[in-house]
>>> print(open('model-v8.cif').read())   # mmCIF, C-alpha atoms
data_final
loop_
_atom_site.label_atom_id
_atom_site.label_comp_id
_atom_site.auth_asym_id
_atom_site.auth_seq_id
_atom_site.Cartn_x
_atom_site.Cartn_y
_atom_site.Cartn_z
CA MET A 1 -23.49 27.12 -3.80
CA ILE A 2 -21.32 25.62 -1.11
CA LEU A 3 -21.28 28.66 1.13
CA GLU A 4 -24.21 30.33 2.86
CA THR A 5 -23.27 33.79 3.98
CA LYS A 6 -24.51 36.31 6.49
CA THR A 7 -22.95 39.61 7.49
CA LEU A 8 -22.34 40.02 11.20
CA GLY A 9 -20.87 43.42 11.90
CA ASN A 10 -17.66 43.66 9.92
CA ILE A 11 -17.34 39.91 9.54
CA LEU A 12 -18.85 37.77 6.84
CA ALA A 13 -20.01 34.49 8.34
CA ALA A 14 -19.75 31.81 5.66
CA THR A 15 -21.18 28.39 6.47
CA ILE A 16 -19.96 25.41 4.49
CA THR A 17 -23.13 23.51 3.66
CA GLN A 18 -21.53 20.27 2.47
CA PRO A 19 -20.81 17.46 4.96
CA GLU A 20 -17.99 16.19 2.74
CA ALA A 21 -15.45 18.88 1.99
CA ASN A 22 -13.32 17.10 -0.55
CA LEU A 23 -11.97 17.11 -4.08
CA THR A 24 -15.48 17.17 -5.58
CA ASN A 25 -16.24 20.62 -4.23
CA ALA A 26 -12.79 22.10 -3.50
CA GLU A 27 -12.63 24.12 -6.74
CA GLN A 28 -16.18 25.45 -6.31
CA PHE A 29 -15.38 26.41 -2.72
CA LYS A 30 -12.27 28.27 -3.83
CA HIS A 31 -14.19 30.07 -6.57
CA GLU A 32 -16.86 31.18 -4.08
CA MET A 33 -14.26 32.31 -1.56
CA LEU A 34 -12.32 34.35 -4.11
CA THR A 35 -15.56 35.94 -5.28
CA LEU A 36 -16.46 36.92 -1.71
CA ILE A 37 -13.00 38.40 -1.16
CA ASN A 38 -13.15 40.28 -4.46
CA GLU A 39 -16.49 41.70 -3.37
CA GLY A 40 -14.66 43.34 -0.48
CA ASN A 41 -15.26 40.84 2.30
CA LEU A 42 -11.85 40.88 3.94
CA ARG A 43 -12.82 39.23 7.22
CA ILE A 44 -14.48 35.90 6.62
CA ALA A 45 -15.38 33.41 9.34
CA LEU A 46 -15.80 29.96 7.86
CA ASN A 47 -18.24 27.84 9.83
CA PHE A 48 -17.50 24.09 9.70
CA ALA A 49 -20.39 22.91 11.89
CA GLN A 50 -21.91 20.88 9.03
CA VAL A 51 -18.63 19.41 7.78
CA SER A 52 -17.86 15.86 8.82
CA TYR A 53 -14.49 15.59 7.09
CA ILE A 54 -12.10 17.47 4.86
CA ASP A 55 -9.45 16.11 2.56
CA SER A 56 -6.18 17.50 1.24
CA SER A 57 -7.82 18.95 -1.88
CA PHE A 58 -10.21 21.04 0.17
CA LEU A 59 -7.39 22.05 2.50
CA GLY A 60 -5.46 23.21 -0.55
CA ALA A 61 -8.44 25.33 -1.59
CA MET A 62 -8.64 26.78 1.92
CA VAL A 63 -4.95 27.69 1.87
CA SER A 64 -5.25 29.17 -1.59
CA SER A 65 -8.16 31.33 -0.38
CA LEU A 66 -6.22 32.36 2.70
CA LYS A 67 -3.20 33.42 0.65
CA TYR A 68 -5.48 35.46 -1.60
CA ALA A 69 -7.13 37.10 1.41
CA LEU A 70 -3.82 37.85 3.12
CA GLY A 71 -2.53 39.42 -0.08
CA LYS A 72 -5.42 41.85 0.08
CA GLY A 73 -4.95 42.57 3.76
CA GLY A 74 -7.77 40.25 4.75
CA GLU A 75 -8.14 37.33 7.14
CA ILE A 76 -9.98 34.04 7.26
CA TYR A 77 -11.13 32.55 10.55
CA LEU A 78 -12.20 28.96 11.08
CA THR A 79 -14.98 28.23 13.54
CA ASP A 80 -17.08 25.32 14.82
CA LEU A 81 -14.58 22.65 13.80
CA LYS A 82 -15.20 19.05 14.75
CA LYS A 83 -12.55 17.43 16.90
CA ASP A 84 -10.95 15.38 14.14
CA ILE A 85 -10.70 18.35 11.79
CA THR A 86 -9.04 20.36 14.55
CA GLU A 87 -6.65 17.45 15.04
CA LEU A 88 -5.90 17.35 11.32
CA LEU A 89 -5.06 21.06 11.22
CA ARG A 90 -2.81 20.66 14.25
CA LEU A 91 -1.05 17.63 12.74
CA ILE A 92 -0.03 19.47 9.60
CA ARG A 93 0.58 22.72 11.50
CA MET A 94 -2.15 24.65 9.73
CA ASP A 95 -3.32 25.79 13.15
CA LYS A 96 -0.32 28.13 12.98
CA VAL A 97 -1.62 29.68 9.79
CA PHE A 98 -5.38 29.87 10.22
CA LYS A 99 -6.96 31.58 13.20
CA VAL A 100 -9.22 28.99 14.79
CA TYR A 101 -12.09 29.80 17.16
CA ASP A 102 -14.79 27.76 18.86
CA SER A 103 -17.49 29.95 17.38
CA ILE A 104 -17.89 33.21 15.52
CA ASN A 105 -18.76 34.83 18.84
CA ASN A 106 -15.12 34.42 19.86
CA VAL A 107 -13.67 36.06 16.77
CA PRO A 108 -12.24 39.36 18.00
CA ALA A 109 -13.73 42.56 16.73
CA ALA A 110 -11.37 44.35 14.35
CA MET B 1 -9.68 -10.02 3.18
CA PRO B 2 -8.87 -6.90 1.15
CA PHE B 3 -11.24 -3.98 0.89
CA ILE B 4 -11.88 -2.80 -2.64
CA PHE B 5 -12.13 0.93 -3.24
CA LYS B 6 -13.72 2.01 -6.51
CA HIS B 7 -11.99 5.20 -7.57
CA SER B 8 -14.96 7.52 -7.26
CA THR B 9 -15.76 10.29 -4.81
CA ASP B 10 -19.23 8.78 -4.29
CA ALA B 11 -17.58 5.65 -2.95
CA LEU B 12 -15.37 7.54 -0.50
CA LEU B 13 -17.64 8.06 2.49
CA PRO B 14 -19.10 4.51 2.51
CA PHE B 15 -15.57 3.14 2.19
CA LEU B 16 -14.32 5.26 5.09
CA GLN B 17 -17.26 4.10 7.21
CA GLU B 18 -16.70 0.44 6.36
CA THR B 19 -12.98 0.54 7.06
CA ALA B 20 -13.43 2.58 10.26
CA GLN B 21 -15.73 -0.12 11.58
CA HIS B 22 -13.19 -2.78 10.67
CA ILE B 23 -10.42 -0.88 12.44
CA LYS B 24 -12.56 -0.26 15.51
CA ASN B 25 -13.38 -3.97 15.72
CA ASN B 26 -9.73 -4.94 15.55
CA LEU B 27 -8.07 -2.39 17.80
CA PRO B 28 -7.05 -3.53 21.27
CA GLU B 29 -9.07 -2.09 24.12
CA GLY B 30 -7.95 1.28 25.36
CA ILE B 31 -6.78 2.59 22.01
CA GLY B 32 -8.24 6.02 21.71
CA GLU B 33 -9.96 8.44 19.47
CA ILE B 34 -6.79 10.01 18.07
CA MET B 35 -5.80 6.66 16.59
CA MET B 36 -9.16 6.49 14.80
CA HIS B 37 -8.69 10.03 13.53
CA LYS B 38 -5.23 9.24 12.16
CA SER B 39 -6.42 6.12 10.39
CA LYS B 40 -9.25 8.14 8.85
CA PHE B 41 -6.85 10.82 7.62
CA VAL B 42 -4.57 8.20 6.07
CA LEU B 43 -7.39 6.26 4.42
CA THR B 44 -8.94 9.46 3.08
CA GLU B 45 -5.69 10.57 1.50
CA LEU B 46 -4.78 7.17 0.08
CA CYS B 47 -8.24 7.00 -1.50
CA THR B 48 -8.02 10.55 -2.84
CA ASN B 49 -4.60 9.78 -4.24
CA GLY B 50 -6.06 6.75 -6.00
CA ILE B 51 -8.91 8.78 -7.50
CA LYS B 52 -6.57 11.52 -8.70
CA HIS B 53 -3.49 9.67 -9.83
CA ALA B 54 -3.84 5.89 -10.21
CA GLY B 55 -5.58 5.95 -13.58
CA VAL B 56 -7.28 2.60 -12.93
CA PRO B 57 -10.84 1.92 -11.71
CA GLN B 58 -9.98 0.61 -8.27
CA SER B 59 -7.45 -0.08 -5.53
CA SER B 60 -7.36 -2.80 -2.94
CA PHE B 61 -6.67 -2.08 0.71
CA GLU B 62 -5.33 -4.40 3.39
CA ILE B 63 -5.75 -3.21 6.96
CA THR B 64 -4.12 -5.14 9.76
CA VAL B 65 -3.44 -4.62 13.44
CA ASP B 66 -0.32 -6.38 14.63
CA ALA B 67 2.81 -5.90 16.73
CA GLY B 68 1.80 -2.52 18.04
CA TYR B 69 0.90 -1.02 14.68
CA LEU B 70 -2.08 -0.45 12.47
CA THR B 71 -0.81 -1.09 8.96
CA ILE B 72 -2.66 0.06 5.86
CA LEU B 73 -1.61 -1.13 2.40
CA ARG B 74 -3.05 0.33 -0.77
CA LYS B 75 -2.34 -1.61 -3.95
CA ASP B 76 -3.14 -0.90 -7.58
CA ASN B 77 -1.79 -1.62 -11.04
CA GLY B 78 -2.04 1.91 -12.28
CA VAL B 79 0.28 4.79 -13.03
CA PRO B 80 3.50 4.53 -11.01
CA PHE B 81 4.56 7.24 -8.61
CA ASN B 82 7.44 9.23 -10.04
CA LEU B 83 10.46 7.96 -8.16
CA GLU B 84 12.76 10.37 -9.92
CA PRO B 85 11.40 13.91 -9.83
CA LYS B 86 13.00 15.94 -12.63
CA GLN B 87 15.12 18.69 -11.15
CA LYS B 88 15.93 16.85 -7.99
CA GLU B 89 16.97 13.77 -9.92
CA GLN B 90 20.11 15.54 -11.09
CA GLN B 91 21.12 16.36 -7.54
CA LEU B 92 20.42 12.83 -6.49
CA LEU B 93 22.48 11.24 -9.22
CA LYS B 94 25.43 13.55 -8.63
CA SER B 95 25.53 12.80 -4.95
CA GLU B 96 27.03 9.63 -3.58
CA THR B 97 25.72 9.97 -0.08
CA ARG B 98 22.49 11.94 -0.25
CA SER B 99 19.38 9.96 -1.02
CA ASP B 100 16.79 12.52 0.05
CA VAL B 101 14.68 14.49 -2.39
CA THR B 102 12.58 17.43 -1.22
CA LEU B 103 9.19 17.07 -2.90
CA ALA B 104 7.53 20.12 -1.38
CA GLU B 105 8.56 22.85 1.00
CA ASP B 106 6.98 25.91 2.53
CA ASP B 107 7.32 27.97 5.69
CA ILE B 108 5.73 25.18 7.73
CA ASN B 109 6.59 21.73 6.45
CA ARG B 110 9.18 20.06 4.24
CA LEU B 111 8.09 16.83 2.51
CA ILE B 112 11.03 14.55 1.80
CA MET B 113 11.31 11.38 -0.23
CA GLN B 114 14.12 9.04 0.72
CA ARG B 115 15.26 6.25 -1.55
CA ILE B 116 15.49 2.88 0.19
CA ASN B 117 16.35 0.81 -2.90
CA ASN B 118 15.60 0.91 -6.61
CA GLN B 119 11.94 0.07 -6.14
CA THR B 120 11.08 1.52 -2.74
CA VAL B 121 11.06 5.00 -1.27
CA CYS B 122 9.85 6.36 2.04
CA PHE B 123 8.35 9.75 2.77
CA PHE B 124 8.63 11.92 5.84
CA VAL B 125 7.98 15.49 6.89
CA GLU B 126 10.29 17.87 8.67
CA GLU B 127 8.92 20.85 10.49
CA VAL B 128 10.29 24.15 9.22
CA PRO B 129 10.94 26.18 12.35
CA ALA B 130 11.17 29.62 10.76
CA LEU B 131 7.45 30.35 10.43
CA GLY B 132 7.51 32.93 13.21
CA LYS B 133 4.90 35.58 12.77
CA LYS B 134 5.19 36.09 9.04
CA ALA B 135 2.24 38.04 7.71
CA ASN B 136 2.30 36.21 4.39
CA PRO B 137 3.97 32.84 4.83
CA THR B 138 4.73 30.75 1.77
CA LEU B 139 2.36 27.81 1.82
CA VAL B 140 2.06 24.77 -0.41
CA GLU B 141 -1.42 23.76 -1.49
CA HIS B 142 -0.83 20.00 -1.77
CA PHE B 143 -1.23 18.25 1.53
CA GLY B 144 -2.01 14.62 0.78
CA PHE B 145 1.38 13.08 1.55
CA ILE B 146 2.03 15.60 4.33
CA ILE B 147 -1.15 14.49 6.09
CA ILE B 148 -0.18 10.85 5.75
CA CYS B 149 3.38 11.42 6.99
CA ARG B 150 2.21 13.39 9.99
CA SER B 151 -0.30 10.69 10.92
CA CYS B 152 2.07 7.73 10.91
CA SER B 153 5.52 6.50 11.81
CA SER B 154 6.30 4.92 8.43
CA PHE B 155 5.06 5.68 4.91
CA THR B 156 6.60 3.88 1.96
CA TYR B 157 5.87 3.35 -1.70
CA SER B 158 7.09 0.44 -3.77
CA ARG B 159 6.81 -0.24 -7.46
CA LEU B 160 7.03 -4.00 -7.67
CA PRO B 161 8.52 -5.80 -10.71
CA SER B 162 5.01 -7.12 -11.41
CA GLY B 163 3.91 -3.54 -12.06
CA GLU B 164 1.99 -3.27 -8.83
CA ASN B 165 2.10 -0.04 -6.83
CA VAL B 166 2.09 -0.55 -3.07
CA PHE B 167 1.66 2.28 -0.58
CA SER B 168 2.28 1.14 2.99
CA VAL B 169 1.48 3.16 6.09
CA SER B 170 2.14 2.12 9.70
CA ILE B 171 0.53 3.95 12.60
CA PRO B 172 1.71 3.10 16.11
CA LEU B 173 -1.08 1.98 18.43
CA THR B 174 -1.13 4.68 21.06
#
>>> encode(input="model-v8.cif", output="structure tokens")
Amino acid sequence: MILETKTLGNILAATITQPEANLTNAEQFKHEMLTLINEGNLRIALNFAQVSYIDSSFLGAMVSSLKYALGKGGEIYLTDLKKDITELLRLIRMDKVFKVYDSINNVPAA
Amino acid sequence: MPFIFKHSTDALLPFLQETAQHIKNNLPEGIGEIMMHKSKFVLTELCTNGIKHAGVPQSSFEITVDAGYLTILRKDNGVPFNLEPKQKEQQLLKSETRSDVTLAEDDINRLIMQRINNQTVCFFVEEVPALGKKANPTLVEHFGFIIICRSCSSFTYSRLPSGENVFSVSIPLT
């Protein structure tokens, strides 16, 4: 399992437990995300505190998960991003697509 | 001296650490963190591209700092990049003036390949302004070249007559 999950109110907090979020675990991540969404978790806060870098494959899996969630009326939040990952999202304008917060505590209540 | 990257995900993190140290040692004083981030993004994506697409066991990298730029070259003798994407090829051949081919496009970014000559192309990204507040924007799921383009001022690919593939990325020292 790549994701460790905990329910906090109406949000599912999902922590990515791998320091390297890359092509080796992108498909597994996507599978776990889609499973969580299919189980009815429509507000998922992904915690990146343990992730030291992400690559384009993992980003693709994140976007694929987001599209799936949006299609079901859900939302995915990104929290606890390291500075360079925040910079990467900004560079490719993904900060306009994902809702990014410092921590899950800042994710607004529905 | 070139850095050799074995096309394996296990080799990725050590390679990124080794090359980051090399870059840090060679950057002029005062060059900041963002520059290091950009070089890491580019190296990560060039390595990932090699693992996924080159079809050979390794690539060599040359990393130099000169004339206001950090330049990263990735070379291999593997599968060539497709310089003539299928559908777009027809448009390209019919047109006398247009040399741009859109490789990917969504509501955020447009990745374009521009032909420089018969063995070299360059890539760049245009921002698509119409994102607005769409609830369900169209989004591509392939970001490798987009990340590289957005991190640098010049990104080219050449297929040399010798059969060598050369990806070249220049990042301004800021």
>>> resolve_selection(input="model-v8.cif", expression="the PyMOL selection byres ((chain A and resi 92-102) around 6)", output="list of chain:residue names")
A:Tyr77, A:Leu78, A:Thr79, A:Asp80, A:Leu89, A:Arg90, A:Leu91, A:Ser103
>>> interface_residues(input="model-v8.cif", of="chain B", to="chain A", cutoff="7 Å", atoms="only C-alpha atoms", output="list of chain:residue names")
B:Thr9, B:His37, B:Thr44, B:Glu45, B:Ile108, B:Asn136, B:Glu141, B:His142, B:Phe143, B:Gly144, B:Ile146, B:Ile147, B:Arg150
>>> residues_near_point(input="model-v8.cif", point="(-15.4, 38.2, 10.5)", cutoff="12 Å", atoms="all atoms listed in the file", output="ChimeraX atom specification")
/A:5-14,37,41-47,74-79,99-101,103-110
>>> write_last_selection(input="model-v8.cif", atoms="C-alpha atoms", output="mmCIF file, in the coordinates of the input")
data_model
loop_
_atom_site.group_PDB
_atom_site.id
_atom_site.type_symbol
_atom_site.label_atom_id
_atom_site.label_comp_id
_atom_site.auth_asym_id
_atom_site.auth_seq_id
_atom_site.Cartn_x
_atom_site.Cartn_y
_atom_site.Cartn_z
ATOM 1 C CA THR A 5 -23.270 33.790 3.980
ATOM 2 C CA LYS A 6 -24.510 36.310 6.490
ATOM 3 C CA THR A 7 -22.950 39.610 7.490
ATOM 4 C CA LEU A 8 -22.340 40.020 11.200
ATOM 5 C CA GLY A 9 -20.870 43.420 11.900
ATOM 6 C CA ASN A 10 -17.660 43.660 9.920
ATOM 7 C CA ILE A 11 -17.340 39.910 9.540
ATOM 8 C CA LEU A 12 -18.850 37.770 6.840
ATOM 9 C CA ALA A 13 -20.010 34.490 8.340
ATOM 10 C CA ALA A 14 -19.750 31.810 5.660
ATOM 11 C CA ILE A 37 -13.000 38.400 -1.160
ATOM 12 C CA ASN A 41 -15.260 40.840 2.300
ATOM 13 C CA LEU A 42 -11.850 40.880 3.940
ATOM 14 C CA ARG A 43 -12.820 39.230 7.220
ATOM 15 C CA ILE A 44 -14.480 35.900 6.620
ATOM 16 C CA ALA A 45 -15.380 33.410 9.340
ATOM 17 C CA LEU A 46 -15.800 29.960 7.860
ATOM 18 C CA ASN A 47 -18.240 27.840 9.830
ATOM 19 C CA GLY A 74 -7.770 40.250 4.750
ATOM 20 C CA GLU A 75 -8.140 37.330 7.140
ATOM 21 C CA ILE A 76 -9.980 34.040 7.260
ATOM 22 C CA TYR A 77 -11.130 32.550 10.550
ATOM 23 C CA LEU A 78 -12.200 28.960 11.080
ATOM 24 C CA THR A 79 -14.980 28.230 13.540
ATOM 25 C CA LYS A 99 -6.960 31.580 13.200
ATOM 26 C CA VAL A 100 -9.220 28.990 14.790
ATOM 27 C CA TYR A 101 -12.090 29.800 17.160
ATOM 28 C CA SER A 103 -17.490 29.950 17.380
ATOM 29 C CA ILE A 104 -17.890 33.210 15.520
ATOM 30 C CA ASN A 105 -18.760 34.830 18.840
ATOM 31 C CA ASN A 106 -15.120 34.420 19.860
ATOM 32 C CA VAL A 107 -13.670 36.060 16.770
ATOM 33 C CA PRO A 108 -12.240 39.360 18.000
ATOM 34 C CA ALA A 109 -13.730 42.560 16.730
ATOM 35 C CA ALA A 110 -11.370 44.350 14.350
#
>>> residues_around(input="model-v8.cif", residues="Thr120 in chain B", least_positions_apart="4", cutoff="9 Å", atoms="only C-alpha atoms", output="list of chain:residue names")
B:Leu83, B:Gln114, B:Arg115, B:Ile116, B:Thr156, B:Tyr157, B:Ser158, B:Arg159, B:Leu160
>>> atom_distance(input="model-v8.cif", atom1="CA of Cys47 in chain B", atom2="CA of Glu29 in chain B")
27.2 Å
>>> closest_residue(input="model-v8.cif", among="A:Glu4, A:Ser65, A:Gln50, A:Ile16", to="Leu34 in chain A", atoms="all atoms listed in the file")
A:Ser65
>>> atom_distance(input="model-v8.cif", atom1="CA of Cys149 in chain B", atom2="CA of Phe123 in chain B")
6.7 Å
>>> axis_aligned_box(input="model-v8.cif", around="range 50-54 of chain A", padding_each_side="6 Å", output="AutoDock Vina command-line options")
--center_x -17.0 --center_y 18.2 --center_z 6.9 --size_x 21.8 --size_y 17.3 --size_z 16.2
>>> decode(input="model-v8.cif", residues="range 61-83 of chain B", atoms="C-alpha atoms", output="mmCIF file, in the first residue's frame")
data_model
loop_
_atom_site.group_PDB
_atom_site.id
_atom_site.type_symbol
_atom_site.label_atom_id
_atom_site.label_comp_id
_atom_site.auth_asym_id
_atom_site.auth_seq_id
_atom_site.Cartn_x
_atom_site.Cartn_y
_atom_site.Cartn_z
ATOM 1 C CA PHE B 61 24.789 12.977 -19.326
ATOM 2 C CA GLU B 62 27.004 16.020 -19.741
ATOM 3 C CA ILE B 63 26.336 18.873 -17.349
ATOM 4 C CA THR B 64 28.121 22.170 -17.845
ATOM 5 C CA VAL B 65 27.855 25.680 -16.487
ATOM 6 C CA ASP B 66 28.950 28.301 -18.969
ATOM 7 C CA ALA B 67 27.986 31.672 -20.445
ATOM 8 C CA GLY B 68 25.094 32.226 -18.094
ATOM 9 C CA TYR B 69 23.495 28.831 -18.599
ATOM 10 C CA LEU B 70 23.400 25.416 -17.034
ATOM 11 C CA THR B 71 23.347 23.015 -19.968
ATOM 12 C CA ILE B 72 22.335 19.382 -19.628
ATOM 13 C CA LEU B 73 22.865 16.927 -22.493
ATOM 14 C CA ARG B 74 21.451 13.428 -22.459
ATOM 15 C CA LYS B 75 22.823 11.069 -25.089
ATOM 16 C CA ASP B 76 21.939 7.504 -26.007
ATOM 17 C CA ASN B 77 21.947 5.196 -28.997
ATOM 18 C CA GLY B 78 18.457 3.907 -28.493
ATOM 19 C CA VAL B 79 15.054 4.341 -30.057
ATOM 20 C CA PRO B 80 14.771 7.698 -31.831
ATOM 21 C CA PHE B 81 12.167 10.246 -30.859
ATOM 22 C CA ASN B 82 9.415 10.386 -33.452
ATOM 23 C CA LEU B 83 10.140 13.552 -35.391
#
